[in-house]
$ cat run02.cif   # mmCIF, C-alpha atoms
data_entry
loop_
_atom_site.label_atom_id
_atom_site.label_comp_id
_atom_site.auth_asym_id
_atom_site.auth_seq_id
_atom_site.Cartn_x
_atom_site.Cartn_y
_atom_site.Cartn_z
CA MET A 61 0.00 0.00 0.00
CA SER A 62 2.73 2.35 0.85
CA GLU A 63 4.74 1.46 -2.19
CA ILE A 64 3.82 2.39 -5.65
CA ALA A 65 4.98 0.12 -8.36
CA ASP A 66 7.55 1.79 -10.46
CA SER A 67 5.96 2.20 -13.82
CA GLY A 68 8.45 2.07 -16.53
CA GLY A 69 6.19 4.02 -18.85
CA GLY A 70 8.62 6.85 -19.41
CA GLN A 71 11.40 4.74 -20.83
CA LYS A 72 11.72 4.02 -24.47
CA GLY A 73 12.36 0.52 -25.41
CA GLY A 74 13.58 -0.17 -21.95
CA LYS A 75 17.09 0.33 -23.07
CA LYS A 76 18.14 2.81 -20.55
CA ARG A 77 17.40 1.96 -17.05
CA ALA A 78 16.84 4.84 -14.78
CA LYS A 79 18.98 4.82 -11.77
CA LYS A 80 17.14 2.78 -9.23
CA GLN A 81 15.23 5.12 -7.06
CA SER A 82 13.43 4.44 -3.88
CA THR A 83 9.81 3.74 -4.62
CA ARG A 84 8.65 4.68 -1.16
CA ILE A 85 6.66 7.83 -0.97
CA ASP A 86 6.92 10.11 1.94
CA MET A 87 3.81 9.57 3.93
CA THR A 88 4.56 12.06 6.67
CA PRO A 89 2.28 14.86 5.46
CA MET A 90 -0.57 12.48 4.96
CA VAL A 91 -0.10 11.00 8.39
CA ASP A 92 0.10 14.47 9.85
CA LEU A 93 -3.18 15.34 8.26
CA ALA A 94 -4.79 12.11 9.30
CA PHE A 95 -3.85 12.64 12.90
CA LEU A 96 -4.90 16.25 12.80
CA LEU A 97 -8.33 15.23 11.62
CA LEU A 98 -8.41 12.42 14.12
CA THR A 99 -7.63 14.80 16.96
CA PHE A 100 -10.27 17.22 15.79
CA PHE A 101 -12.99 14.63 15.61
CA VAL A 102 -12.04 13.03 18.89
CA LEU A 103 -12.19 16.35 20.68
CA THR A 104 -15.44 17.49 19.13
CA ALA A 105 -17.18 14.16 19.52
CA THR A 106 -19.90 14.12 22.14
CA PHE A 107 -20.66 10.64 23.20
CA SER A 108 -22.61 11.18 26.32
CA LYS A 109 -26.20 11.99 25.68
CA PRO A 110 -27.63 14.41 28.15
CA LYS A 111 -29.09 12.67 31.13
CA SER A 112 -32.53 13.46 32.31
CA MET A 113 -34.88 12.91 35.17
CA GLU A 114 -38.38 11.75 34.47
CA LEU A 115 -41.06 13.57 36.32
CA THR A 116 -44.81 13.31 36.18
CA PHE A 117 -47.03 16.09 37.33
CA PRO A 118 -50.48 15.32 38.65
CA ALA A 119 -53.41 15.97 36.40
CA PRO A 120 -55.94 18.29 37.97
CA PRO A 121 -58.76 16.20 39.44
CA PRO A 122 -62.16 16.42 37.80
CA PRO A 123 -64.14 19.23 39.43
CA ASP A 124 -66.81 17.01 40.93
CA GLN A 125 -64.35 14.67 42.61
CA LYS A 126 -63.59 15.20 46.25
CA ILE A 127 -59.90 15.78 46.83
CA GLU A 128 -58.46 13.21 49.12
CA GLU A 129 -56.76 14.69 52.10
CA VAL A 130 -53.14 13.87 52.68
CA LYS A 131 -52.99 12.09 56.00
CA LYS A 132 -49.31 11.81 56.60
CA GLY A 133 -47.62 14.66 54.87
CA ILE A 134 -44.33 16.43 55.10
CA THR A 135 -44.14 19.78 53.42
CA PHE A 136 -40.92 21.32 52.21
CA LEU A 137 -40.87 25.03 51.65
CA LEU A 138 -38.08 26.35 49.49
CA SER A 139 -36.94 29.90 49.60
CA LYS A 140 -34.11 32.18 48.58
CA ASP A 141 -30.42 31.62 49.37
CA ASN A 142 -30.88 27.85 49.22
CA ARG A 143 -32.92 27.79 52.36
CA ILE A 144 -35.34 25.01 52.99
CA PHE A 145 -37.99 24.70 55.69
CA TYR A 146 -40.35 21.92 56.54
CA TYR A 147 -43.28 21.00 58.69
CA GLU A 148 -45.12 17.77 59.26
CA GLY A 149 -48.80 17.08 59.01
CA GLN A 150 -51.60 19.44 58.23
CA PHE A 151 -51.13 23.15 58.17
CA ARG A 152 -52.82 24.90 61.07
CA ALA A 153 -52.74 28.65 61.21
CA VAL A 154 -53.85 28.66 64.85
CA ALA A 155 -53.89 25.97 67.47
CA ASP A 156 -57.08 23.94 67.57
CA ASP A 157 -58.22 20.73 69.22
CA LYS A 158 -56.19 18.62 66.78
CA GLY A 159 -52.87 20.16 67.63
CA PRO A 160 -50.83 23.29 68.03
CA ALA A 161 -50.30 25.90 65.31
CA THR A 162 -47.82 24.90 62.63
CA THR A 163 -44.27 26.03 63.06
CA ILE A 164 -41.60 25.49 60.48
CA ALA A 165 -38.10 24.24 61.08
CA GLU A 166 -35.09 24.73 58.87
CA LEU A 167 -33.07 22.12 57.06
CA SER A 168 -30.16 22.56 54.73
CA PHE A 169 -29.02 20.85 51.57
CA ASP A 170 -26.08 19.39 53.44
CA GLN A 171 -25.51 15.71 53.49
CA SER A 172 -26.11 15.67 57.26
CA SER A 173 -29.37 17.56 57.16
CA LEU A 174 -31.92 16.86 54.45
CA HIS A 175 -30.49 13.50 53.50
CA LYS A 176 -30.40 12.30 57.07
CA TYR A 177 -33.87 13.61 57.79
CA LEU A 178 -35.33 11.72 54.86
CA LEU A 179 -33.36 8.65 55.71
CA ASP A 180 -34.92 8.57 59.18
CA LYS A 181 -38.41 9.33 57.98
CA ASN A 182 -38.39 6.81 55.24
CA LYS A 183 -36.61 3.96 56.97
CA PRO A 184 -39.35 1.32 56.98
CA MET A 185 -40.08 1.73 53.31
CA GLN A 186 -36.47 1.87 52.36
CA GLU A 187 -35.75 -1.36 54.21
CA LYS A 188 -38.61 -3.10 52.47
CA ILE A 189 -37.41 -1.95 49.08
CA LEU A 190 -33.83 -2.88 49.79
CA ALA A 191 -34.96 -6.34 50.90
CA LEU A 192 -36.86 -6.69 47.64
CA GLU A 193 -33.85 -5.50 45.71
CA LYS A 194 -31.72 -8.15 47.38
CA ARG A 195 -34.15 -10.85 46.48
CA PHE A 196 -34.28 -9.54 42.94
CA GLU A 197 -30.54 -9.53 42.64
CA ALA A 198 -30.40 -13.07 43.99
CA LYS A 199 -32.79 -13.97 41.15
CA GLN A 200 -35.55 -15.02 43.51
CA LEU A 201 -37.89 -12.54 41.87
CA VAL A 202 -38.78 -11.94 38.27
CA ASP A 203 -38.36 -8.48 36.84
CA THR A 204 -42.05 -7.67 36.56
CA THR A 205 -42.90 -9.07 39.99
CA TYR A 206 -40.11 -7.02 41.49
CA LYS A 207 -41.35 -3.83 39.86
CA ARG A 208 -44.90 -4.50 40.95
CA MET A 209 -43.86 -5.19 44.52
CA VAL A 210 -41.78 -2.00 44.67
CA ARG A 211 -44.77 -0.10 43.41
CA GLU A 212 -46.94 -1.64 46.08
CA VAL A 213 -44.51 -0.72 48.81
CA LYS A 214 -44.30 2.81 47.50
CA ALA A 215 -48.05 3.18 47.38
CA ASP A 216 -48.31 2.25 51.04
CA LYS A 217 -50.95 4.44 52.67
CA GLU A 218 -49.04 4.61 55.93
CA SER A 219 -45.94 6.14 54.42
CA TYR A 220 -45.36 9.85 54.15
CA THR A 221 -46.33 11.96 51.21
CA TYR A 222 -43.90 14.73 50.48
CA LEU A 223 -45.11 18.07 49.25
CA ILE A 224 -42.68 20.47 47.65
CA LYS A 225 -43.62 24.13 47.63
CA THR A 226 -41.61 27.06 46.50
CA ASP A 227 -41.83 30.76 47.10
CA ASP A 228 -41.01 33.35 44.47
CA GLN A 229 -37.29 33.34 45.22
CA ALA A 230 -36.46 29.63 45.13
CA THR A 231 -34.24 28.44 42.32
CA TYR A 232 -34.73 25.53 39.98
CA LYS A 233 -31.60 23.91 41.35
CA ASN A 234 -33.11 23.67 44.83
CA VAL A 235 -36.21 22.02 43.48
CA ILE A 236 -34.14 19.49 41.57
CA ASP A 237 -31.97 18.89 44.62
CA VAL A 238 -34.96 18.09 46.79
CA ILE A 239 -36.50 15.79 44.17
CA ASP A 240 -33.12 14.16 43.74
CA GLU A 241 -32.77 13.60 47.46
CA LEU A 242 -36.25 12.10 47.56
CA ASN A 243 -35.30 9.80 44.71
CA ILE A 244 -32.10 8.76 46.44
CA ASN A 245 -34.07 7.85 49.51
CA VAL A 246 -36.56 5.85 47.43
CA VAL A 247 -39.48 7.91 48.56
CA GLY A 248 -42.81 6.68 47.26
CA LYS A 249 -44.94 9.74 46.86
CA TYR A 250 -43.97 13.31 46.27
CA VAL A 251 -45.66 16.13 44.50
CA MET A 252 -45.08 19.76 43.55
CA VAL A 253 -47.76 22.01 44.97
CA ASP A 254 -48.38 25.74 44.92
CA ILE A 255 -47.53 27.52 48.12
CA MET A 256 -50.32 28.86 50.30
CA LYS A 257 -50.35 32.46 51.46
CA SER A 258 -50.21 31.43 55.12
CA GLU A 259 -47.15 29.26 54.49
CA PHE A 260 -45.52 31.99 52.52
CA ASP A 261 -45.99 34.40 55.40
CA LEU A 262 -44.53 31.89 57.80
CA VAL A 263 -41.42 31.50 55.65
CA LYS A 264 -41.11 35.24 55.30
CA ALA A 265 -41.34 35.73 59.05
CA LYS A 266 -38.71 33.05 59.59
CA ILE A 267 -36.31 34.62 57.12
CA GLY A 268 -36.94 38.03 58.56
CA THR A 269 -36.04 37.01 62.09
CA ASN A 270 -32.68 35.41 61.46
CA MET B 1172 19.95 -4.93 14.13
CA SER B 1173 21.40 -7.56 12.01
CA LYS B 1174 20.57 -5.41 9.03
CA LYS B 1175 23.10 -3.08 7.76
CA PRO B 1176 21.98 0.50 8.12
CA SER B 1177 20.67 1.65 4.77
CA LYS B 1178 22.72 4.06 2.86
CA GLY B 1179 22.12 7.55 4.10
CA GLY B 1180 18.97 8.92 5.68
CA ALA B 1181 16.81 7.56 8.42
CA PRO B 1182 15.91 3.92 8.50
CA ALA B 1183 12.57 3.40 6.82
CA LEU B 1184 9.77 2.52 9.13
CA ASP B 1185 6.71 0.86 7.80
CA MET B 1186 3.95 3.24 8.74
CA THR B 1187 1.22 1.41 6.86
CA PRO B 1188 -0.57 -0.16 9.85
CA MET B 1189 -0.49 3.08 11.76
CA VAL B 1190 -1.86 5.02 8.84
CA ASP B 1191 -4.53 2.40 8.31
CA LEU B 1192 -5.60 2.72 11.88
CA ALA B 1193 -5.50 6.49 11.83
CA PHE B 1194 -7.73 6.64 8.80
CA LEU B 1195 -10.05 4.06 10.22
CA LEU B 1196 -10.52 6.17 13.30
CA VAL B 1197 -10.88 9.34 11.27
CA THR B 1198 -13.58 7.70 9.22
CA PHE B 1199 -15.34 6.47 12.31
CA PHE B 1200 -15.36 9.81 14.05
CA MET B 1201 -16.34 11.60 10.89
CA LEU B 1202 -19.31 9.38 10.32
CA THR B 1203 -20.49 9.42 13.91
CA ALA B 1204 -20.01 13.15 14.34
CA SER B 1205 -23.15 15.15 14.37
CA PHE B 1206 -22.67 18.81 13.89
CA ARG B 1207 -24.87 21.06 15.82
CA MET B 1208 -25.16 24.75 15.50
CA ALA B 1209 -24.55 26.87 18.54
CA GLU B 1210 -27.55 27.07 20.79
CA PRO B 1211 -28.83 30.60 21.29
CA VAL B 1212 -28.20 30.32 25.02
CA VAL B 1213 -25.80 28.32 27.09
CA VAL B 1214 -27.70 26.74 29.90
CA ASP B 1215 -26.03 25.01 32.81
CA PRO B 1216 -28.47 22.48 34.21
CA PRO B 1217 -28.31 21.30 37.83
CA SER B 1218 -27.01 17.86 38.63
CA SER B 1219 -29.04 14.87 39.68
CA ILE B 1220 -28.81 11.12 39.94
CA GLY B 1221 -31.26 10.76 37.06
CA MET B 1222 -29.78 8.21 34.70
CA VAL B 1223 -32.37 8.21 31.95
CA ASP B 1224 -30.92 9.18 28.59
CA LEU B 1225 -32.63 12.01 26.86
CA PRO B 1226 -34.69 10.38 24.11
CA ASP B 1227 -33.58 11.21 20.57
CA ASN B 1228 -37.04 12.22 19.58
CA HIS B 1229 -37.92 15.11 21.81
CA ILE B 1230 -39.53 18.49 22.01
CA LEU B 1231 -37.35 20.70 24.08
CA VAL B 1232 -38.09 23.84 26.01
CA THR B 1233 -34.97 25.56 27.30
CA ILE B 1234 -35.24 28.13 30.04
CA ASP B 1235 -32.32 30.42 30.73
CA ASN B 1236 -31.37 32.35 33.87
CA ASN B 1237 -33.66 35.24 33.04
CA GLY B 1238 -36.64 33.03 32.44
CA ARG B 1239 -36.63 33.31 28.65
CA ALA B 1240 -38.06 30.25 26.98
CA PHE B 1241 -36.52 28.69 23.88
CA PHE B 1242 -38.27 26.11 21.80
CA GLY B 1243 -36.90 23.30 19.66
CA ILE B 1244 -38.00 20.08 18.01
CA SER B 1245 -35.44 17.37 17.33
CA ASN B 1246 -37.20 15.95 14.29
CA SER B 1247 -36.72 18.24 11.30
CA THR B 1248 -39.75 16.99 9.38
CA ALA B 1249 -41.98 17.70 12.33
CA LYS B 1250 -40.28 21.05 12.77
CA MET B 1251 -41.05 22.11 9.22
CA ALA B 1252 -44.65 20.98 9.50
CA ALA B 1253 -45.01 22.80 12.81
CA LEU B 1254 -43.70 26.03 11.30
CA ARG B 1255 -46.18 25.76 8.44
CA GLU B 1256 -49.04 25.31 10.88
CA MET B 1257 -47.84 28.16 13.07
CA ALA B 1258 -47.48 30.43 10.04
CA LYS B 1259 -51.08 29.73 9.16
CA ARG B 1260 -52.31 30.38 12.67
CA TYR B 1261 -50.37 33.60 13.19
CA LYS B 1262 -50.63 34.77 9.57
CA VAL B 1263 -46.90 35.17 9.11
CA GLN B 1264 -45.48 34.48 5.67
CA PHE B 1265 -42.52 32.13 5.26
CA THR B 1266 -40.86 31.21 2.02
CA GLU B 1267 -40.05 27.60 1.26
CA GLU B 1268 -36.32 28.28 1.72
CA GLN B 1269 -36.96 29.79 5.09
CA ILE B 1270 -38.90 26.74 6.20
CA ILE B 1271 -36.11 24.42 5.07
CA LYS B 1272 -33.49 26.56 6.73
CA PHE B 1273 -35.54 26.66 9.91
CA SER B 1274 -35.56 22.87 10.14
CA GLY B 1275 -31.78 22.88 10.53
CA LEU B 1276 -31.66 25.51 13.24
CA PRO B 1277 -31.35 24.73 16.93
CA SER B 1278 -33.90 26.03 19.37
CA PHE B 1279 -35.02 29.61 19.00
CA GLY B 1280 -36.37 32.24 21.33
CA VAL B 1281 -38.12 34.88 19.29
CA ASP B 1282 -41.63 36.03 18.67
CA ILE B 1283 -43.07 34.42 15.53
CA LYS B 1284 -43.36 37.86 13.93
CA ASP B 1285 -39.58 38.21 14.11
CA LEU B 1286 -38.96 34.65 13.00
CA PRO B 1287 -38.53 35.30 9.23
CA LYS B 1288 -35.88 37.91 9.98
CA TYR B 1289 -34.28 35.58 12.51
CA ILE B 1290 -34.08 32.73 10.00
CA ASP B 1291 -32.57 34.96 7.31
CA ALA B 1292 -29.88 36.34 9.61
CA LYS B 1293 -26.35 34.95 9.38
CA GLU B 1294 -25.27 32.63 12.12
CA GLU B 1295 -23.23 35.19 14.07
CA ALA B 1296 -25.96 37.77 13.68
CA ARG B 1297 -28.51 35.26 14.82
CA LEU B 1298 -26.74 34.75 18.13
CA LYS B 1299 -26.92 38.47 18.77
CA PHE B 1300 -30.42 38.79 17.36
CA GLN B 1301 -32.63 41.35 19.03
CA PRO B 1302 -35.20 41.23 20.41
CA GLN B 1303 -34.54 37.70 21.62
CA LYS B 1304 -36.95 37.76 24.48
CA GLY B 1305 -37.81 34.12 24.39
CA VAL B 1306 -40.93 32.60 22.95
CA PRO B 1307 -43.85 34.52 24.46
CA LEU B 1308 -45.66 32.44 27.05
CA ASP B 1309 -48.05 34.73 28.79
CA THR B 1310 -50.40 32.51 30.67
CA ILE B 1311 -52.92 35.31 31.11
CA THR B 1312 -53.09 37.08 27.75
CA PRO B 1313 -54.02 35.01 24.73
CA ASN B 1314 -50.54 35.51 23.28
CA ASN B 1315 -49.18 32.19 24.49
CA GLN B 1316 -47.11 31.23 21.48
CA LEU B 1317 -45.17 28.62 23.40
CA LYS B 1318 -48.39 26.77 24.08
CA ASP B 1319 -49.20 26.71 20.37
CA TRP B 1320 -45.68 25.64 19.49
CA ILE B 1321 -45.81 22.79 21.98
CA ASN B 1322 -49.26 21.77 20.89
CA ILE B 1323 -48.59 21.89 17.17
CA GLY B 1324 -45.04 20.59 17.50
CA GLY B 1325 -46.27 17.67 19.58
CA THR B 1326 -49.02 16.81 17.12
CA GLU B 1327 -46.64 16.96 14.16
CA ALA B 1328 -43.98 14.90 15.94
CA VAL B 1329 -46.53 12.21 16.72
CA LYS B 1330 -47.69 12.29 13.08
CA VAL B 1331 -44.12 11.78 11.87
CA TYR B 1332 -43.69 8.96 14.36
CA GLN B 1333 -46.86 7.25 13.24
CA ALA B 1334 -46.04 7.66 9.56
CA ALA B 1335 -42.66 6.02 10.18
CA LYS B 1336 -44.33 3.24 12.12
CA ALA B 1337 -46.88 2.59 9.39
CA LYS B 1338 -44.12 2.53 6.80
CA ALA B 1339 -42.11 0.06 8.83
CA ALA B 1340 -45.16 -2.15 9.29
CA GLU B 1341 -45.80 -2.08 5.54
CA SER B 1342 -42.32 -3.22 4.63
CA ASN B 1343 -42.17 -5.61 7.59
CA SER B 1344 -38.94 -4.12 8.81
CA GLU B 1345 -38.04 -3.59 12.39
CA PHE B 1346 -39.31 -0.38 13.88
CA LYS B 1347 -37.03 1.32 16.31
CA ALA B 1348 -38.04 4.95 16.65
CA GLU B 1349 -39.52 6.09 19.92
CA LYS B 1350 -42.45 8.29 20.67
CA PRO B 1351 -41.67 11.97 21.07
CA ARG B 1352 -41.10 13.09 24.65
CA TYR B 1353 -41.25 16.52 26.16
CA ALA B 1354 -38.05 17.74 27.74
CA ILE B 1355 -37.30 20.80 29.82
CA LYS B 1356 -33.79 22.08 30.14
CA CYS B 1357 -33.34 24.80 32.65
CA ALA B 1358 -30.43 26.68 34.14
CA ALA B 1359 -29.68 25.86 37.77
CA GLN B 1360 -30.02 29.41 39.02
CA THR B 1361 -33.32 30.16 37.32
CA LYS B 1362 -36.09 31.13 39.67
CA TYR B 1363 -38.54 28.30 39.93
CA ILE B 1364 -41.51 30.55 39.18
CA PHE B 1365 -40.35 30.81 35.56
CA VAL B 1366 -40.20 27.04 35.29
CA LYS B 1367 -43.62 26.88 36.84
CA ASP B 1368 -45.01 29.06 34.05
CA VAL B 1369 -43.61 26.66 31.45
CA ILE B 1370 -44.91 23.64 33.31
CA LYS B 1371 -48.28 25.35 33.60
CA THR B 1372 -48.25 25.72 29.83
CA PHE B 1373 -47.63 22.00 29.48
CA THR B 1374 -50.24 20.95 32.01
CA ASP B 1375 -52.79 23.22 30.33
CA LEU B 1376 -52.26 21.07 27.25
CA LYS B 1377 -52.80 17.96 29.36
CA LEU B 1378 -49.17 16.95 29.10
CA TYR B 1379 -47.96 15.75 32.45
CA GLN B 1380 -44.80 13.78 31.77
CA PHE B 1381 -41.48 15.45 31.21
CA ASN B 1382 -37.83 14.69 31.11
CA LEU B 1383 -35.97 17.29 33.08
CA ILE B 1384 -32.49 17.51 31.67
CA THR B 1385 -29.81 17.41 34.33
CA SER B 1386 -26.08 16.92 34.27
CA LEU B 1387 -24.53 13.94 35.95
CA GLU B 1388 -24.04 14.12 39.67
CA GLY B 1389 -20.51 15.13 40.58
CA GLY B 1390 -18.56 12.45 42.38
CA GLY B 1391 -18.93 11.83 46.04
CA THR B 1392 -21.74 14.14 47.01
CA VAL B 1393 -24.34 11.47 47.23
CA ILE B 1394 -24.36 8.61 49.64
CA ASN B 1395 -26.17 5.74 48.12
CA PRO B 1396 -28.50 4.27 50.72
CA THR B 1397 -27.67 0.79 49.54
CA LYS B 1398 -24.07 1.19 50.55
CA LYS B 1399 -24.98 2.12 54.04
#
$ encode --input "run02.cif" --output "structure tokens"
Amino acid sequence: MSEIADSGGGQKGGKKRAKKQSTRIDMTPMVDLAFLLLTFFVLTATFSKPKSMELTFPAPPPPDQKIEEVKKGITFLLSKDNRIFYYEGQFRAVADDKGPATTIAELSFDQSSLHKYLLDKNKPMQEKILALEKRFEAKQLVDTTYKRMVREVKADKESYTYLIKTDDQATYKNVIDVIDELNINVVGKYVMVDIMKSEFDLVKAKIGTN
Amino acid sequence: MSKKPSKGGAPALDMTPMVDLAFLLVTFFMLTASFRMAEPVVVDPPSSIGMVDLPDNHILVTIDNNGRAFFGISNSTAKMAALREMAKRYKVQFTEEQIIKFSGLPSFGVDIKDLPKYIDAKEEARLKFQPQKGVPLDTITPNNQLKDWINIGGTEAVKVYQAAKAKAAESNSEFKAEKPRYAIKCAAQTKYIFVKDVIKTFTDLKLYQFNLITSLEGGGTVINPTKK
């Protein structure tokens, strides 16, 4: 390939023999070019497709249907400067016979805060799912059965439902971080909800004081 | 070593295999390369553990730091059809060349009235195009162009998908394309209320499933509960 047969076309009658020349051609420029192109394409190639997170938003319920009340709920309230607050259970503006007025506590996006909080809250479910995962990995469960069982565990009525609410200052990153953390902790049910005025005021008061 | 050094000059080295390989690789990278034009905005999405690949067939809404929305369709046939429909609805004239040129462009963020000018602009001019305010998405006034783009774009993308499916069924060949999905790509520091507006636009159209584009989680920040 690198050698080109010496064509004797130029010689008349083959009488005179040209002085034997090297038939090798200098491939250096070609190789240079080849590697230049190679480098260019290697560097511009993008192999990794962007990754994404699948998220489903709830469809608004039909108007005549009664909205089911969330029994065990934890609400996260996101605000500016990466601050995150939460409260458990129903929101109560003032204390009534069911319990005291709602107060909010602060968490942070640190590993030791939000992650740990969710880990504690979601322990029973997580253990169940991990047990299922073990059985699945040990090939005691079929793929579809495993998926169905995980779904059943996640739909457990006794487990918490997480509500994510944002005020007007929260960033997209915070929202994704919370959803991510919920996913890491294999939380069953979470939903994005609009913030209520009373909650918004509570967050505002909290930010104002410290 | 046993050979006598050849007369004068460097010893010849047979470069053939190396050259073969180099050209093989060049060919490979050339054929796999897909050239994209510069996006009108650079958006830095937040990281997550989401491991789902972004489907090839998607309708993408990009939201930048200032809440401007940009719209794009990955399938060029659907994109051309969507532009035709939009032109009819908004009574804006496009020439055939403009429509073809539009199908090769990345996502755009201009009012449909400015779109013909935007398409005709040179690439550098297009990046600096004014007013690039994002596709209008007022949820209150009737001027929600993004909603129409998503609606029409979605319909056209599904049409293209079904046409391809029918064609594959006819010729009994394997059908691999996937249904179009809706993706949202948003900068990390964008205020969530802007994203909410876009999501509201989607949910108004009864579209509830999205792929939120995120970058891969940086190493070591996440403790996997299974490793506990």
$ interface_residues --input "run02.cif" --of "chain B" --to "chain A" --cutoff "8 Å" --atoms "all atoms listed in the file" --output "number ranges by chain"
B: 1186-1187, 1190, 1193-1194, 1196-1197, 1200-1201, 1204-1205, 1216-1225, 1357-1364, 1366, 1374, 1377, 1379-1387, 1392-1393, 1395-1397
$ closest_residue --input "run02.cif" --among "A:Ala191, A:Leu178, A:Met185, A:Ala161" --to "Asp216 of chain A" --atoms "all atoms listed in the file"
A:Met185
$ resolve_selection --input "run02.cif" --expression "the PyMOL selection byres ((chain B and resi 1308) around 9)" --output "VMD selection string"
chain B and resid 1240 1305 to 1307 1309 to 1312 1314 to 1318 1368 to 1369 1372
$ atom_distance --input "run02.cif" --atom1 "atom CA of Glu1267 of chain B" --atom2 "atom CA of Ser1247 of chain B"
14.1 Å
$ atom_distance --input "run02.cif" --atom1 "atom CA of Pro1287 of chain B" --atom2 "atom CA of Lys1356 of chain B"
25.2 Å
$ residues_around --input "run02.cif" --residues "Ile1355 of chain B" --least-positions-apart "4" --cutoff "6 Å" --atoms "all atoms listed in the file" --output "PyMOL selection string"
chain B and resi 1231-1233+1383
$ resolve_selection --input "run02.cif" --expression "the PyMOL selection byres ((chain A and resi 137) around 6)" --output "count of residues only"
7
$ atom_distance --input "run02.cif" --atom1 "atom CA of Thr1248 of chain B" --atom2 "atom CA of Lys1299 of chain B"
26.7 Å
$ residues_around --input "run02.cif" --residues "Phe196 of chain A" --least-positions-apart "3" --cutoff "12 Å" --atoms "all atoms listed in the file" --output "ChimeraX atom specification"
/A:189-193,199-210
$ residues_around --input "run02.cif" --residues "Lys266 of chain A" --least-positions-apart "4" --cutoff "9 Å" --atoms "only C-alpha atoms" --output "PDB file with C-alpha atoms, keeping the file's coordinate frame"
ATOM      1  CA  ILE A 164     -41.600  25.490  60.480  1.00  0.00           C
ATOM      2  CA  ALA A 165     -38.100  24.240  61.080  1.00  0.00           C
ATOM      3  CA  ASP A 261     -45.990  34.400  55.400  1.00  0.00           C
ATOM      4  CA  LEU A 262     -44.530  31.890  57.800  1.00  0.00           C
ATOM      5  CA  ASN A 270     -32.680  35.410  61.460  1.00  0.00           C
TER       6      ASN A 270
END
$ resolve_selection --input "run02.cif" --expression "the PyMOL selection byres ((chain A and resi 147-157) around 6)" --output "list in words"
Lys132, Gly133, Ile134, Thr135, Tyr146, Lys158, Gly159, Pro160, Ala161, Thr162 and Ile164 of chain A
